[in-house]
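Next comes input-v9.cif, a file with mmCIF, C-alpha atoms, pLDDT in the B column; chains and numbers go by the auth columns.
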data_upload
loop_
_atom_site.group_PDB
_atom_site.id
_atom_site.type_symbol
_atom_site.label_atom_id
_atom_site.label_comp_id
_atom_site.label_asym_id
_atom_site.label_seq_id
_atom_site.Cartn_x
_atom_site.Cartn_y
_atom_site.Cartn_z
_atom_site.B_iso_or_equiv
_atom_site.auth_seq_id
_atom_site.auth_asym_id
ATOM 1 C CA MET A 1 83.331 94.761 80.367 60.00 1 A
ATOM 2 C CA GLU A 2 81.446 97.311 82.359 91.00 2 A
ATOM 3 C CA LYS A 3 83.754 99.513 84.409 93.00 3 A
ATOM 4 C CA GLN A 4 81.544 99.302 87.521 95.00 4 A
ATOM 5 C CA ALA A 5 81.616 95.498 87.393 96.00 5 A
ATOM 6 C CA LEU A 6 85.405 95.490 87.135 96.00 6 A
ATOM 7 C CA GLU A 7 85.809 98.024 89.950 96.00 7 A
ATOM 8 C CA LEU A 8 83.485 95.917 92.125 97.00 8 A
ATOM 9 C CA TYR A 9 85.689 92.884 91.459 97.00 9 A
ATOM 10 C CA LYS A 10 88.876 94.758 92.260 97.00 10 A
ATOM 11 C CA GLY A 11 87.341 96.198 95.416 97.00 11 A
ATOM 12 C CA PHE A 12 86.207 92.755 96.525 97.00 12 A
ATOM 13 C CA ILE A 13 89.704 91.297 96.148 98.00 13 A
ATOM 14 C CA ASP A 14 91.437 94.323 97.670 98.00 14 A
ATOM 15 C CA ASP A 15 89.037 94.278 100.637 97.00 15 A
ATOM 16 C CA LEU A 16 90.069 90.675 101.296 97.00 16 A
ATOM 17 C CA VAL A 17 93.722 91.694 101.117 97.00 17 A
ATOM 18 C CA GLU A 18 92.958 94.360 103.745 96.00 18 A
ATOM 19 C CA LEU A 19 91.229 91.761 105.935 95.00 19 A
ATOM 20 C CA ARG A 20 94.162 89.355 105.633 94.00 20 A
ATOM 21 C CA PRO A 21 96.193 90.288 108.707 92.00 21 A
ATOM 22 C CA CYS A 22 95.171 88.135 111.628 92.00 22 A
ATOM 23 C CA VAL A 23 95.292 89.144 115.284 95.00 23 A
ATOM 24 C CA LEU A 24 96.471 85.681 116.343 95.00 24 A
ATOM 25 C CA PRO A 25 100.098 86.126 115.200 95.00 25 A
ATOM 26 C CA CYS A 26 100.239 89.337 117.241 95.00 26 A
ATOM 27 C CA TRP A 27 98.930 87.520 120.293 96.00 27 A
ATOM 28 C CA ILE A 28 101.303 84.599 119.771 96.00 28 A
ATOM 29 C CA ALA A 29 104.403 86.759 119.343 95.00 29 A
ATOM 30 C CA GLY A 30 103.276 89.320 121.906 93.00 30 A
ATOM 31 C CA ASN A 31 101.735 89.009 125.340 92.00 31 A
ATOM 32 C CA GLY A 32 99.418 86.100 124.582 95.00 32 A
ATOM 33 C CA TRP A 33 95.679 85.784 124.353 96.00 33 A
ATOM 34 C CA PRO A 34 93.407 88.061 126.392 96.00 34 A
ATOM 35 C CA LYS A 35 93.714 87.150 130.060 96.00 35 A
ATOM 36 C CA THR A 36 90.631 85.013 130.643 97.00 36 A
ATOM 37 C CA VAL A 37 90.063 81.646 132.285 97.00 37 A
ATOM 38 C CA GLU A 38 89.392 80.092 128.874 97.00 38 A
ATOM 39 C CA ASN A 39 92.773 81.271 127.583 97.00 39 A
ATOM 40 C CA GLU A 40 94.936 80.186 130.526 97.00 40 A
ATOM 41 C CA LYS A 41 96.131 76.966 128.856 97.00 41 A
ATOM 42 C CA ILE A 42 97.085 78.771 125.660 97.00 42 A
ATOM 43 C CA ASN A 43 98.936 81.502 127.534 97.00 43 A
ATOM 44 C CA LYS A 44 100.765 78.950 129.664 97.00 44 A
ATOM 45 C CA VAL A 45 102.092 77.172 126.573 97.00 45 A
ATOM 46 C CA LEU A 46 103.006 80.443 124.865 97.00 46 A
ATOM 47 C CA SER A 47 104.902 81.630 127.945 96.00 47 A
ATOM 48 C CA GLU A 48 107.133 78.553 127.701 97.00 48 A
ATOM 49 C CA LEU A 49 108.177 79.231 124.092 97.00 49 A
ATOM 50 C CA THR A 50 111.229 81.092 122.861 96.00 50 A
ATOM 51 C CA THR A 51 110.837 84.174 120.694 96.00 51 A
ATOM 52 C CA GLU A 52 111.888 82.166 117.631 97.00 52 A
ATOM 53 C CA GLN A 53 109.328 79.454 118.391 97.00 53 A
ATOM 54 C CA LYS A 54 106.601 82.082 118.812 97.00 54 A
ATOM 55 C CA GLU A 55 107.543 83.642 115.470 96.00 55 A
ATOM 56 C CA VAL A 56 107.250 80.279 113.726 97.00 56 A
ATOM 57 C CA ILE A 57 103.866 79.548 115.282 97.00 57 A
ATOM 58 C CA ALA A 58 102.695 83.070 114.421 96.00 58 A
ATOM 59 C CA LEU A 59 103.698 82.419 110.810 97.00 59 A
ATOM 60 C CA ILE A 60 101.749 79.147 110.850 97.00 60 A
ATOM 61 C CA ALA A 61 98.661 80.929 112.207 96.00 61 A
ATOM 62 C CA GLN A 62 98.806 83.572 109.462 96.00 62 A
ATOM 63 C CA SER A 63 99.408 80.892 106.833 97.00 63 A
ATOM 64 C CA ALA A 64 96.293 79.056 108.024 96.00 64 A
ATOM 65 C CA ARG A 65 94.223 82.233 107.619 96.00 65 A
ATOM 66 C CA ASP A 66 95.727 82.820 104.174 97.00 66 A
ATOM 67 C CA GLY A 67 94.893 79.254 103.203 97.00 67 A
ATOM 68 C CA GLY A 68 91.307 79.722 104.307 97.00 68 A
ATOM 69 C CA ILE A 69 90.864 82.899 102.273 97.00 69 A
ATOM 70 C CA HIS A 70 92.529 81.253 99.269 98.00 70 A
ATOM 71 C CA ASP A 71 90.331 78.149 99.494 98.00 71 A
ATOM 72 C CA VAL A 72 87.132 80.202 99.705 98.00 72 A
ATOM 73 C CA LEU A 73 88.194 82.187 96.644 98.00 73 A
ATOM 74 C CA VAL A 74 88.918 78.956 94.724 97.00 74 A
ATOM 75 C CA TYR A 75 85.440 77.752 95.692 97.00 75 A
ATOM 76 C CA LEU A 76 83.795 81.033 94.663 97.00 76 A
ATOM 77 C CA THR A 77 85.664 81.027 91.338 95.00 77 A
ATOM 78 C CA ASP A 78 84.467 77.489 90.636 95.00 78 A
ATOM 79 C CA GLN A 79 80.911 78.340 91.622 96.00 79 A
ATOM 80 C CA ILE A 80 80.929 81.407 89.373 95.00 80 A
ATOM 81 C CA ASN A 81 82.518 79.659 86.390 92.00 81 A
ATOM 82 C CA LEU A 82 80.800 76.273 86.661 95.00 82 A
ATOM 83 C CA GLU A 83 77.561 76.797 88.569 96.00 83 A
ATOM 84 C CA GLY A 84 76.407 80.284 87.569 95.00 84 A
ATOM 85 C CA LEU A 85 76.953 81.991 90.924 97.00 85 A
ATOM 86 C CA GLU A 86 76.753 85.769 90.691 96.00 86 A
ATOM 87 C CA ILE A 87 77.931 88.326 93.216 97.00 87 A
ATOM 88 C CA VAL A 88 75.870 91.501 93.136 97.00 88 A
ATOM 89 C CA LYS A 89 76.332 94.693 95.146 95.00 89 A
ATOM 90 C CA ASN A 90 74.041 97.700 94.833 94.00 90 A
ATOM 91 C CA GLU A 91 72.484 96.118 91.742 94.00 91 A
ATOM 92 C CA VAL A 92 75.871 95.833 89.994 95.00 92 A
ATOM 93 C CA LYS A 93 76.936 92.321 89.022 96.00 93 A
ATOM 94 C CA MET A 94 80.586 91.778 89.873 97.00 94 A
ATOM 95 C CA ALA A 95 82.886 91.015 86.944 95.00 95 A
ATOM 96 C CA THR A 96 83.570 87.339 86.374 93.00 96 A
ATOM 97 C CA ASP A 97 87.225 86.332 86.059 91.00 97 A
ATOM 98 C CA PRO A 98 88.201 89.586 84.328 94.00 98 A
ATOM 99 C CA PHE A 99 91.889 88.699 84.093 94.00 99 A
ATOM 100 C CA ASP A 100 91.412 84.984 83.305 93.00 100 A
ATOM 101 C CA SER A 101 93.294 84.063 86.444 92.00 101 A
ATOM 102 C CA GLY A 102 90.731 83.272 89.132 93.00 102 A
ATOM 103 C CA MET A 103 89.948 85.200 92.274 97.00 103 A
ATOM 104 C CA HIS A 104 92.443 83.205 94.329 97.00 104 A
ATOM 105 C CA TYR A 105 95.317 84.058 91.998 97.00 105 A
ATOM 106 C CA ASP A 106 94.354 87.731 91.865 97.00 106 A
ATOM 107 C CA TRP A 107 94.171 87.797 95.675 97.00 107 A
ATOM 108 C CA VAL A 108 97.640 86.262 96.017 97.00 108 A
ATOM 109 C CA CYS A 109 99.092 88.744 93.522 97.00 109 A
ATOM 110 C CA ARG A 110 97.496 91.731 95.251 97.00 110 A
ATOM 111 C CA ARG A 111 98.544 90.387 98.665 96.00 111 A
ATOM 112 C CA GLU A 112 102.110 90.338 97.370 96.00 112 A
ATOM 113 C CA GLY A 113 101.824 93.959 96.233 96.00 113 A
ATOM 114 C CA ASP A 114 101.378 93.444 92.495 97.00 114 A
ATOM 115 C CA SER A 115 99.448 95.958 90.405 96.00 115 A
ATOM 116 C CA TRP A 116 96.237 94.985 88.690 96.00 116 A
ATOM 117 C CA PRO A 117 96.959 93.617 85.176 92.00 117 A
ATOM 118 C CA ASP A 118 95.027 96.463 83.529 89.00 118 A
ATOM 119 C CA GLN A 119 97.269 98.981 85.283 85.00 119 A
ATOM 120 C CA ASN A 120 100.337 97.605 83.509 66.00 120 A
ATOM 121 C CA SER A 121 99.193 98.498 80.007 55.00 121 A
#
Go ahead and express the file in the form of structure tokens.
Amino acid sequence: MEKQALELYKGFIDDLVELRPCVLPCWIAGNGWPKTVENEKINKVLSELTTEQKEVIALIAQSARDGGIHDVLVYLTDQINLEGLEIVKNEVKMATDPFDSGMHYDWVCRREGDSWPDQNS
């Protein structure tokens, strides 16, 4: 496998790991949404919650974002493997399933702090 293609794949997954943190949990656990008329209802509800309740809702919000990223990666993996989708950047075709695990699995592993499989050998 071409090294550039593999590095493009790894960069793609690692970029999504970097994008993972969501601002919503910070707003939920912190001082609420930005103070606008549209956000008054949300902030009112948040102000009535305990710290523990806010932490649980913040966790749910982050889990929803994680689920969305995961689902898109499952879809992209299927489209690549079954429908011939290619991802190309600067004329380099991204590697296709280089670790035989799917983009979603690689994203979860990297999110959890695991090394890339080729770094373990």
Just to confirm, what's the straight-line distance from CA of Lys89 in chain A to CA of Asp14 in chain A in Å (one decimal)? 15.3 Å
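Near Cys22 in chain A, within 9 Å and counting all atoms listed in the file, sit Cys26, Ala61, Gln62 and Arg65 of chain A; same-chain residues fewer than 4 positions away were not included.
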Surrounding residues of Asp66 in chain A excluding itself and chain neighbours under 5 positions, 10 Å, all atoms listed in the file, as number ranges by chain: A: 17, 20-22, 60-61, 71, 107-108, 111
Distance criterion (all atoms listed in the file): nearest to Arg110 in chain A out of A:Lys3, A:Lys35, A:Lys10, A:Lys93: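 Smallest separation from Arg110 in chain A among the options: A:Lys10.
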Distance in Å - CA of Phe12 in chain A versus CA of Thr96 in chain A: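 Interatomic distance, CA of Phe12 in chain A to CA of Thr96 in chain A: 11.8 Å.
Residue nearest Gly68 in chain A within the list A:Leu16, A:Ala29, A:Ala95, A:Leu8: A:Leu16 [criterion: smallest interatomic distance, all atoms listed in the file].
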Interatomic distance, CA of Pro34 in chain A to CA of Leu59 in chain A (Å, one decimal):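 Taking CA of Pro34 in chain A as the start and CA of Leu59 in chain A as the end point, the length is 19.5 Å.
Among the candidate residues A:Glu112, A:Asp106, A:Glu83, A:Glu38, the one lying nearest to Gly11 in chain A is A:Asp106, with distances computed using all atoms listed in the file.
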